[in-house]
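As provided, data-v5.pdb (PDB, C-alpha atoms) reads as follows.
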ATOM      1  CA  GLY A   1     -15.941 -10.453  -7.705  1.00  0.00           C
ATOM      2  CA  ASN A   2     -14.192  -8.420 -10.361  1.00  0.00           C
ATOM      3  CA  SER A   3     -13.275 -10.214 -13.566  1.00  0.00           C
ATOM      4  CA  VAL A   4     -12.344  -9.723 -17.207  1.00  0.00           C
ATOM      5  CA  THR A   5     -13.282 -12.012 -20.088  1.00  0.00           C
ATOM      6  CA  GLN A   6     -11.704 -11.642 -23.501  1.00  0.00           C
ATOM      7  CA  MET A   7     -12.043 -13.610 -26.688  1.00  0.00           C
ATOM      8  CA  GLU A   8      -9.874 -16.653 -27.061  1.00  0.00           C
ATOM      9  CA  GLY A   9      -7.156 -16.645 -29.641  1.00  0.00           C
ATOM     10  CA  PRO A  10      -5.258 -16.977 -31.647  1.00  0.00           C
ATOM     11  CA  VAL A  11      -6.648 -14.441 -34.069  1.00  0.00           C
ATOM     12  CA  THR A  12      -5.039 -14.629 -37.506  1.00  0.00           C
ATOM     13  CA  LEU A  13      -5.486 -11.780 -39.973  1.00  0.00           C
ATOM     14  CA  SER A  14      -3.956 -10.610 -43.204  1.00  0.00           C
ATOM     15  CA  GLU A  15      -2.179  -7.286 -43.309  1.00  0.00           C
ATOM     16  CA  GLU A  16      -4.559  -4.309 -43.639  1.00  0.00           C
ATOM     17  CA  ALA A  17      -7.528  -6.285 -42.270  1.00  0.00           C
ATOM     18  CA  PHE A  18      -9.856  -4.870 -39.613  1.00  0.00           C
ATOM     19  CA  LEU A  19      -9.244  -6.063 -36.054  1.00  0.00           C
ATOM     20  CA  THR A  20     -11.686  -6.520 -33.203  1.00  0.00           C
ATOM     21  CA  ILE A  21     -10.785  -8.212 -29.920  1.00  0.00           C
ATOM     22  CA  ASN A  22     -13.743  -8.486 -27.583  1.00  0.00           C
ATOM     23  CA  CYS A  23     -13.490  -7.754 -23.871  1.00  0.00           C
ATOM     24  CA  THR A  24     -16.250  -7.746 -21.256  1.00  0.00           C
ATOM     25  CA  TYR A  25     -15.935  -7.156 -17.559  1.00  0.00           C
ATOM     26  CA  THR A  26     -17.683  -7.641 -14.232  1.00  0.00           C
ATOM     27  CA  ALA A  27     -16.946  -5.100 -11.553  1.00  0.00           C
ATOM     28  CA  THR A  28     -18.388  -3.325  -8.570  1.00  0.00           C
ATOM     29  CA  GLY A  29     -18.188   0.421  -8.739  1.00  0.00           C
ATOM     30  CA  TYR A  30     -16.687   2.303 -11.659  1.00  0.00           C
ATOM     31  CA  PRO A  31     -13.485   0.713 -12.883  1.00  0.00           C
ATOM     32  CA  SER A  32     -10.803   2.112 -15.110  1.00  0.00           C
ATOM     33  CA  LEU A  33     -10.225  -0.080 -18.159  1.00  0.00           C
ATOM     34  CA  PHE A  34      -6.984  -0.813 -19.979  1.00  0.00           C
ATOM     35  CA  TRP A  35      -5.542  -2.634 -22.949  1.00  0.00           C
ATOM     36  CA  TYR A  36      -1.969  -3.849 -22.609  1.00  0.00           C
ATOM     37  CA  VAL A  37       0.168  -5.335 -25.394  1.00  0.00           C
ATOM     38  CA  GLN A  38       2.987  -7.843 -25.048  1.00  0.00           C
ATOM     39  CA  TYR A  39       5.405  -8.192 -27.951  1.00  0.00           C
ATOM     40  CA  PRO A  40       7.505 -11.375 -28.199  1.00  0.00           C
ATOM     41  CA  GLY A  41      10.185 -11.554 -25.535  1.00  0.00           C
ATOM     42  CA  GLU A  42       9.020  -8.408 -23.738  1.00  0.00           C
ATOM     43  CA  GLY A  43       6.931  -7.386 -20.759  1.00  0.00           C
ATOM     44  CA  LEU A  44       3.424  -5.989 -20.997  1.00  0.00           C
ATOM     45  CA  GLN A  45       3.083  -2.327 -21.886  1.00  0.00           C
ATOM     46  CA  LEU A  46       0.091  -0.056 -21.734  1.00  0.00           C
ATOM     47  CA  LEU A  47      -1.583   0.433 -25.114  1.00  0.00           C
ATOM     48  CA  LEU A  48      -4.561   2.596 -24.129  1.00  0.00           C
ATOM     49  CA  LYS A  49      -6.935   3.294 -21.271  1.00  0.00           C
ATOM     50  CA  ALA A  50     -10.302   4.802 -20.382  1.00  0.00           C
ATOM     51  CA  THR A  51     -11.313   5.945 -16.932  1.00  0.00           C
ATOM     52  CA  LYS A  52     -15.062   6.561 -17.210  1.00  0.00           C
ATOM     53  CA  ALA A  53     -18.098   5.536 -19.212  1.00  0.00           C
ATOM     54  CA  ASP A  54     -18.176   6.611 -22.884  1.00  0.00           C
ATOM     55  CA  ASP A  55     -14.484   7.542 -22.840  1.00  0.00           C
ATOM     56  CA  LYS A  56     -12.535   6.395 -25.887  1.00  0.00           C
ATOM     57  CA  GLY A  57      -8.913   5.413 -25.451  1.00  0.00           C
ATOM     58  CA  SER A  58      -6.687   5.496 -28.513  1.00  0.00           C
ATOM     59  CA  ASN A  59      -3.044   4.914 -29.403  1.00  0.00           C
ATOM     60  CA  LYS A  60      -1.063   3.739 -32.452  1.00  0.00           C
ATOM     61  CA  GLY A  61      -4.273   3.403 -34.491  1.00  0.00           C
ATOM     62  CA  PHE A  62      -5.963   1.240 -31.852  1.00  0.00           C
ATOM     63  CA  GLU A  63      -9.196   2.362 -30.199  1.00  0.00           C
ATOM     64  CA  ALA A  64     -11.512   1.116 -27.458  1.00  0.00           C
ATOM     65  CA  THR A  65     -14.661   2.697 -26.016  1.00  0.00           C
ATOM     66  CA  TYR A  66     -15.773   2.195 -22.411  1.00  0.00           C
ATOM     67  CA  ARG A  67     -19.384   0.935 -22.673  1.00  0.00           C
ATOM     68  CA  LYS A  68     -20.992   0.764 -19.253  1.00  0.00           C
ATOM     69  CA  GLU A  69     -24.370  -0.434 -20.556  1.00  0.00           C
ATOM     70  CA  THR A  70     -22.808  -3.527 -22.124  1.00  0.00           C
ATOM     71  CA  THR A  71     -19.852  -3.737 -19.684  1.00  0.00           C
ATOM     72  CA  SER A  72     -17.496  -3.943 -22.642  1.00  0.00           C
ATOM     73  CA  PHE A  73     -14.203  -2.461 -23.829  1.00  0.00           C
ATOM     74  CA  HIS A  74     -13.565  -3.969 -27.269  1.00  0.00           C
ATOM     75  CA  LEU A  75     -10.253  -3.248 -28.986  1.00  0.00           C
ATOM     76  CA  GLU A  76     -10.349  -2.201 -32.659  1.00  0.00           C
ATOM     77  CA  LYS A  77      -7.914  -1.210 -35.369  1.00  0.00           C
ATOM     78  CA  GLY A  78      -8.871  -0.366 -38.907  1.00  0.00           C
ATOM     79  CA  SER A  79      -5.829  -1.759 -40.690  1.00  0.00           C
ATOM     80  CA  VAL A  80      -3.414  -4.103 -38.933  1.00  0.00           C
ATOM     81  CA  GLN A  81       0.262  -4.493 -39.768  1.00  0.00           C
ATOM     82  CA  VAL A  82       2.625  -7.407 -39.339  1.00  0.00           C
ATOM     83  CA  SER A  83       4.261  -5.455 -36.517  1.00  0.00           C
ATOM     84  CA  ASP A  84       0.984  -5.614 -34.544  1.00  0.00           C
ATOM     85  CA  SER A  85       1.491  -9.341 -33.994  1.00  0.00           C
ATOM     86  CA  ALA A  86       1.505  -9.684 -30.213  1.00  0.00           C
ATOM     87  CA  VAL A  87      -0.600 -10.766 -27.238  1.00  0.00           C
ATOM     88  CA  TYR A  88      -3.262  -8.282 -26.113  1.00  0.00           C
ATOM     89  CA  PHE A  89      -4.557  -8.139 -22.534  1.00  0.00           C
ATOM     90  CA  CYS A  90      -7.701  -6.397 -21.357  1.00  0.00           C
ATOM     91  CA  ALA A  91      -7.584  -5.242 -17.724  1.00  0.00           C
ATOM     92  CA  LEU A  92      -9.590  -3.388 -15.107  1.00  0.00           C
ATOM     93  CA  TYR A  93      -8.769  -1.409 -11.987  1.00  0.00           C
ATOM     94  CA  THR A  94     -11.305  -0.538  -9.294  1.00  0.00           C
ATOM     95  CA  GLY A  95      -9.024   1.197  -6.803  1.00  0.00           C
ATOM     96  CA  GLY A  96      -6.917  -0.269  -4.059  1.00  0.00           C
ATOM     97  CA  PHE A  97      -3.790  -1.744  -5.525  1.00  0.00           C
ATOM     98  CA  LYS A  98      -4.548  -4.655  -7.810  1.00  0.00           C
ATOM     99  CA  THR A  99      -5.284  -4.650 -11.539  1.00  0.00           C
ATOM    100  CA  ILE A 100      -7.282  -7.606 -12.892  1.00  0.00           C
ATOM    101  CA  PHE A 101      -5.988  -8.949 -16.218  1.00  0.00           C
ATOM    102  CA  GLY A 102      -7.793 -11.037 -18.813  1.00  0.00           C
ATOM    103  CA  ALA A 103      -6.262 -14.228 -20.179  1.00  0.00           C
ATOM    104  CA  GLY A 104      -4.787 -12.509 -23.228  1.00  0.00           C
ATOM    105  CA  THR A 105      -5.518 -12.852 -26.949  1.00  0.00           C
ATOM    106  CA  ARG A 106      -2.728 -13.714 -29.342  1.00  0.00           C
ATOM    107  CA  LEU A 107      -2.814 -11.914 -32.709  1.00  0.00           C
ATOM    108  CA  PHE A 108      -0.942 -13.105 -35.787  1.00  0.00           C
ATOM    109  CA  VAL A 109      -0.820 -10.804 -38.804  1.00  0.00           C
ATOM    110  CA  LYS A 110       0.311 -12.315 -42.112  1.00  0.00           C
ATOM    111  CA  ALA A 111       1.999 -10.282 -44.833  1.00  0.00           C
TER     112      ALA A 111
ATOM    113  CA  ASP B 112      13.620   7.024 -17.045  1.00  0.00           C
ATOM    114  CA  ALA B 113      15.123   3.529 -17.227  1.00  0.00           C
ATOM    115  CA  GLY B 114      11.837   1.816 -16.495  1.00  0.00           C
ATOM    116  CA  VAL B 115      11.503  -1.254 -14.317  1.00  0.00           C
ATOM    117  CA  ILE B 116      14.774  -3.167 -14.193  1.00  0.00           C
ATOM    118  CA  GLN B 117      14.957  -6.910 -13.639  1.00  0.00           C
ATOM    119  CA  SER B 118      17.944  -9.180 -13.252  1.00  0.00           C
ATOM    120  CA  PRO B 119      19.013 -11.607 -14.386  1.00  0.00           C
ATOM    121  CA  ARG B 120      17.244 -11.727 -17.760  1.00  0.00           C
ATOM    122  CA  HIS B 121      17.827 -15.447 -18.058  1.00  0.00           C
ATOM    123  CA  GLU B 122      18.521 -18.027 -15.360  1.00  0.00           C
ATOM    124  CA  VAL B 123      19.166 -21.706 -15.821  1.00  0.00           C
ATOM    125  CA  THR B 124      19.542 -23.781 -12.701  1.00  0.00           C
ATOM    126  CA  GLU B 125      19.277 -27.337 -11.494  1.00  0.00           C
ATOM    127  CA  MET B 126      16.443 -28.686  -9.442  1.00  0.00           C
ATOM    128  CA  GLY B 127      16.981 -28.105  -5.731  1.00  0.00           C
ATOM    129  CA  GLN B 128      19.041 -24.945  -6.135  1.00  0.00           C
ATOM    130  CA  GLU B 129      18.072 -21.586  -4.709  1.00  0.00           C
ATOM    131  CA  VAL B 130      17.063 -18.910  -7.209  1.00  0.00           C
ATOM    132  CA  THR B 131      16.870 -15.181  -6.506  1.00  0.00           C
ATOM    133  CA  LEU B 132      15.233 -12.775  -8.929  1.00  0.00           C
ATOM    134  CA  ARG B 133      15.732  -9.050  -8.532  1.00  0.00           C
ATOM    135  CA  CYS B 134      13.678  -5.990  -9.382  1.00  0.00           C
ATOM    136  CA  LYS B 135      14.199  -2.240  -9.266  1.00  0.00           C
ATOM    137  CA  PRO B 136      10.898  -0.361  -9.663  1.00  0.00           C
ATOM    138  CA  ILE B 137      10.453   3.038 -11.267  1.00  0.00           C
ATOM    139  CA  SER B 138      11.495   5.794  -8.888  1.00  0.00           C
ATOM    140  CA  GLY B 139       8.487   7.310  -7.130  1.00  0.00           C
ATOM    141  CA  HIS B 140       6.193   4.349  -7.650  1.00  0.00           C
ATOM    142  CA  ASN B 141       4.789   3.003  -4.406  1.00  0.00           C
ATOM    143  CA  SER B 142       3.346  -0.352  -5.485  1.00  0.00           C
ATOM    144  CA  LEU B 143       5.278  -3.370  -6.736  1.00  0.00           C
ATOM    145  CA  PHE B 144       3.942  -6.592  -8.198  1.00  0.00           C
ATOM    146  CA  TRP B 145       5.486  -9.992  -9.005  1.00  0.00           C
ATOM    147  CA  TYR B 146       3.866 -12.076 -11.764  1.00  0.00           C
ATOM    148  CA  ARG B 147       4.586 -15.445 -13.316  1.00  0.00           C
ATOM    149  CA  GLN B 148       3.723 -16.252 -16.932  1.00  0.00           C
ATOM    150  CA  THR B 149       3.510 -19.695 -18.524  1.00  0.00           C
ATOM    151  CA  MET B 150       1.783 -21.047 -21.594  1.00  0.00           C
ATOM    152  CA  MET B 151      -0.396 -23.319 -19.486  1.00  0.00           C
ATOM    153  CA  ARG B 152      -1.503 -20.911 -16.762  1.00  0.00           C
ATOM    154  CA  GLY B 153      -1.083 -17.530 -18.420  1.00  0.00           C
ATOM    155  CA  LEU B 154      -0.245 -14.478 -16.290  1.00  0.00           C
ATOM    156  CA  GLU B 155      -0.527 -15.078 -12.540  1.00  0.00           C
ATOM    157  CA  LEU B 156      -0.136 -12.481  -9.795  1.00  0.00           C
ATOM    158  CA  LEU B 157       2.110 -13.881  -7.083  1.00  0.00           C
ATOM    159  CA  ILE B 158       2.408 -11.052  -4.545  1.00  0.00           C
ATOM    160  CA  TYR B 159       2.201  -7.298  -4.328  1.00  0.00           C
ATOM    161  CA  PHE B 160       3.594  -4.627  -2.052  1.00  0.00           C
ATOM    162  CA  ASN B 161       2.494  -1.115  -1.203  1.00  0.00           C
ATOM    163  CA  ASN B 162       4.997   1.243   0.413  1.00  0.00           C
ATOM    164  CA  ASN B 163       7.330  -1.764   0.846  1.00  0.00           C
ATOM    165  CA  VAL B 164       4.732  -3.725   2.844  1.00  0.00           C
ATOM    166  CA  PRO B 165       3.355  -7.012   1.442  1.00  0.00           C
ATOM    167  CA  ILE B 166      -0.388  -6.585   0.929  1.00  0.00           C
ATOM    168  CA  ASP B 167      -1.469  -9.870  -0.610  1.00  0.00           C
ATOM    169  CA  ASP B 168       0.653 -12.979  -1.074  1.00  0.00           C
ATOM    170  CA  SER B 169      -2.219 -15.361  -1.761  1.00  0.00           C
ATOM    171  CA  GLY B 170      -0.868 -16.034  -5.233  1.00  0.00           C
ATOM    172  CA  MET B 171       2.431 -17.430  -4.000  1.00  0.00           C
ATOM    173  CA  PRO B 172       2.200 -21.082  -5.000  1.00  0.00           C
ATOM    174  CA  GLU B 173       4.063 -22.699  -2.132  1.00  0.00           C
ATOM    175  CA  ASP B 174       6.231 -22.031   0.875  1.00  0.00           C
ATOM    176  CA  ARG B 175       9.222 -22.489  -1.411  1.00  0.00           C
ATOM    177  CA  PHE B 176       8.474 -19.010  -2.750  1.00  0.00           C
ATOM    178  CA  SER B 177       9.243 -15.866  -0.752  1.00  0.00           C
ATOM    179  CA  ALA B 178       9.463 -12.170  -1.625  1.00  0.00           C
ATOM    180  CA  LYS B 179      10.933  -9.169   0.140  1.00  0.00           C
ATOM    181  CA  MET B 180      11.024  -5.448  -0.408  1.00  0.00           C
ATOM    182  CA  PRO B 181      13.621  -4.002   1.980  1.00  0.00           C
ATOM    183  CA  ASN B 182      13.329  -0.491   0.535  1.00  0.00           C
ATOM    184  CA  ALA B 183      11.457   1.487  -2.090  1.00  0.00           C
ATOM    185  CA  SER B 184      13.972   0.768  -4.826  1.00  0.00           C
ATOM    186  CA  PHE B 185      14.546  -2.975  -4.547  1.00  0.00           C
ATOM    187  CA  SER B 186      12.647  -6.237  -4.311  1.00  0.00           C
ATOM    188  CA  THR B 187      13.575  -9.903  -4.532  1.00  0.00           C
ATOM    189  CA  LEU B 188      11.660 -13.077  -5.297  1.00  0.00           C
ATOM    190  CA  LYS B 189      13.333 -16.220  -4.005  1.00  0.00           C
ATOM    191  CA  ILE B 190      12.595 -19.840  -4.782  1.00  0.00           C
ATOM    192  CA  GLN B 191      14.188 -22.399  -2.499  1.00  0.00           C
ATOM    193  CA  PRO B 192      14.404 -25.198  -3.468  1.00  0.00           C
ATOM    194  CA  SER B 193      13.580 -24.777  -7.133  1.00  0.00           C
ATOM    195  CA  GLU B 194      11.679 -27.421  -9.139  1.00  0.00           C
ATOM    196  CA  PRO B 195      11.236 -27.945 -12.902  1.00  0.00           C
ATOM    197  CA  ARG B 196       7.602 -26.810 -12.686  1.00  0.00           C
ATOM    198  CA  ASP B 197       8.838 -23.378 -11.574  1.00  0.00           C
ATOM    199  CA  SER B 198      10.151 -22.796 -15.098  1.00  0.00           C
ATOM    200  CA  ALA B 199       8.417 -19.657 -16.378  1.00  0.00           C
ATOM    201  CA  VAL B 200       8.931 -15.995 -17.146  1.00  0.00           C
ATOM    202  CA  TYR B 201       8.764 -13.889 -13.996  1.00  0.00           C
ATOM    203  CA  PHE B 202       7.749 -10.246 -14.331  1.00  0.00           C
ATOM    204  CA  CYS B 203       8.044  -7.397 -11.913  1.00  0.00           C
ATOM    205  CA  ALA B 204       5.778  -4.356 -12.333  1.00  0.00           C
ATOM    206  CA  SER B 205       5.411  -1.080 -10.479  1.00  0.00           C
ATOM    207  CA  SER B 206       2.712   1.575 -10.260  1.00  0.00           C
ATOM    208  CA  LEU B 207       1.352   4.590  -8.449  1.00  0.00           C
ATOM    209  CA  ALA B 208      -1.445   3.024  -6.398  1.00  0.00           C
ATOM    210  CA  GLN B 209      -4.064   5.604  -7.254  1.00  0.00           C
ATOM    211  CA  ASP B 210      -3.528   5.261 -10.985  1.00  0.00           C
ATOM    212  CA  GLY B 211      -3.902   1.553 -11.673  1.00  0.00           C
ATOM    213  CA  GLU B 212      -1.501   1.705 -14.616  1.00  0.00           C
ATOM    214  CA  GLN B 213       1.304  -0.808 -14.216  1.00  0.00           C
ATOM    215  CA  TYR B 214       4.758  -0.634 -15.757  1.00  0.00           C
ATOM    216  CA  PHE B 215       6.325  -4.003 -16.444  1.00  0.00           C
ATOM    217  CA  GLY B 216       9.946  -4.992 -16.537  1.00  0.00           C
ATOM    218  CA  PRO B 217      11.389  -7.138 -19.333  1.00  0.00           C
ATOM    219  CA  GLY B 218      11.052 -10.312 -17.280  1.00  0.00           C
ATOM    220  CA  THR B 219      13.383 -13.066 -16.099  1.00  0.00           C
ATOM    221  CA  ARG B 220      13.155 -16.332 -17.989  1.00  0.00           C
ATOM    222  CA  LEU B 221      13.785 -19.121 -15.470  1.00  0.00           C
ATOM    223  CA  THR B 222      14.569 -22.657 -16.548  1.00  0.00           C
ATOM    224  CA  VAL B 223      14.912 -25.338 -13.891  1.00  0.00           C
ATOM    225  CA  THR B 224      16.364 -28.615 -15.148  1.00  0.00           C
TER     226      THR B 224
END
What would the structure in this file look like if it were written as structure tokens?
Amino acid sequence: GNSVTQMEGPVTLSEEAFLTINCTYTATGYPSLFWYVQYPGEGLQLLLKATKADDKGSNKGFEATYRKETTSFHLEKGSVQVSDSAVYFCALYTGGFKTIFGAGTRLFVKA
Amino acid sequence: DAGVIQSPRHEVTEMGQEVTLRCKPISGHNSLFWYRQTMMRGLELLIYFNNNVPIDDSGMPEDRFSAKMPNASFSTLKIQPSEPRDSAVYFCASSLAQDGEQYFGPGTRLTVT
């Protein structure tokens, strides 16, 4: 079946550090891939997406590249800020109605 | 656009009481999802609708939980009777089915004492 595996948190970084959150997936067909972010006390919101192999999604300094050969969609940011502290969810969609979410990775950024 | 609207934002109730959570999806979206989020179990999909019809309710934990979508602009999730282990944040999300991108509401924080 379809599934998403992301690195366990929490991840703790100092401000301006480089961020990587790993995400791998298992899916039949050609899924669309997403990263969602959840700030404290809020619902999830879309951060970026990629719909086909080798596509790069980007937003707010975050990037992720759809790698079909390694079935991965790792999230990266070159220089994190305290305001990036949140929970990050990797997700996939293969059509139909349902999106499959990973377990989430909590990020703490220290000033 | 106002986004997905949920009410109430916070609900505190006593064990055994009926609880009704409400959701208004984004206009034009044809799929609606109810999720539950807890520290222990993370984000769980409870049920989803397409064009107001329930498609998959396999995530509904027990018969105490029920959900309805009487029209395209309104859905409810009801718990009767409520129990302390139902305490969680409940999210509603909507989407265009062919897109896969979901838009989440702010959530309802439910506390059952």
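Residues selected in this file by the ChimeraX specification (/B :<8) & /A comprise Ser32, Gly41, Glu42, Gly43, Leu44, Gln45, Leu46, Tyr93, Gly95, Gly96, Phe97, Lys98, Thr99, Phe101, Ala103 and Gly104 of chain A.
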Starting from the shown file, work through the PyMOL selection byres ((chain B and resi 130) around 8) and note down what comes out as a PDB file with C-alpha atoms, in the frame of the given file.
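Produced file out_39.pdb, reproduced below:
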ATOM      1  CA  THR B 124      19.542 -23.781 -12.701  1.00  0.00           C
ATOM      2  CA  GLN B 128      19.041 -24.945  -6.135  1.00  0.00           C
ATOM      3  CA  GLU B 129      18.072 -21.586  -4.709  1.00  0.00           C
ATOM      4  CA  THR B 131      16.870 -15.181  -6.506  1.00  0.00           C
ATOM      5  CA  LEU B 132      15.233 -12.775  -8.929  1.00  0.00           C
ATOM      6  CA  LYS B 189      13.333 -16.220  -4.005  1.00  0.00           C
ATOM      7  CA  ILE B 190      12.595 -19.840  -4.782  1.00  0.00           C
ATOM      8  CA  GLN B 191      14.188 -22.399  -2.499  1.00  0.00           C
ATOM      9  CA  PRO B 192      14.404 -25.198  -3.468  1.00  0.00           C
ATOM     10  CA  SER B 193      13.580 -24.777  -7.133  1.00  0.00           C
TER      11      SER B 193
END
For region 86-91 of chain A, find every residue with an atom within 9 Å (counting only C-alpha atoms), except residues of its own chain fewer than 5 positions away, and show them as JSON, numbers by chain. {"A": [3, 4, 5, 6, 10, 21, 22, 23, 24, 25, 32, 33, 34, 35, 36, 37, 38, 39, 40, 44, 47, 73, 74, 75, 99, 100, 101, 102, 103, 104, 105, 106, 107, 108, 109]}
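When CA of Glu15 (chain A) is paired with CA of Ala64 (chain A), their separation reads 20.2 Å.
Using only C-alpha atoms for every distance, the candidate list A:Gly9, A:Pro31, A:Gly1, A:Gly57 yields A:Pro31 as the residue closest to Thr71 (chain A).
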CA of Val115 (chain B) to CA of Gln81 (chain A) measures 28.0 Å
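Across the structure, CA of His121 (chain B) and CA of Thr187 (chain B) are spaced 15.2 Å apart.
Distance annotation: of B:His140, B:Lys135, B:Arg147, B:Arg120, the residue with the minimal separation from Phe176 (chain B) is B:Arg147; atom set is only C-alpha atoms.
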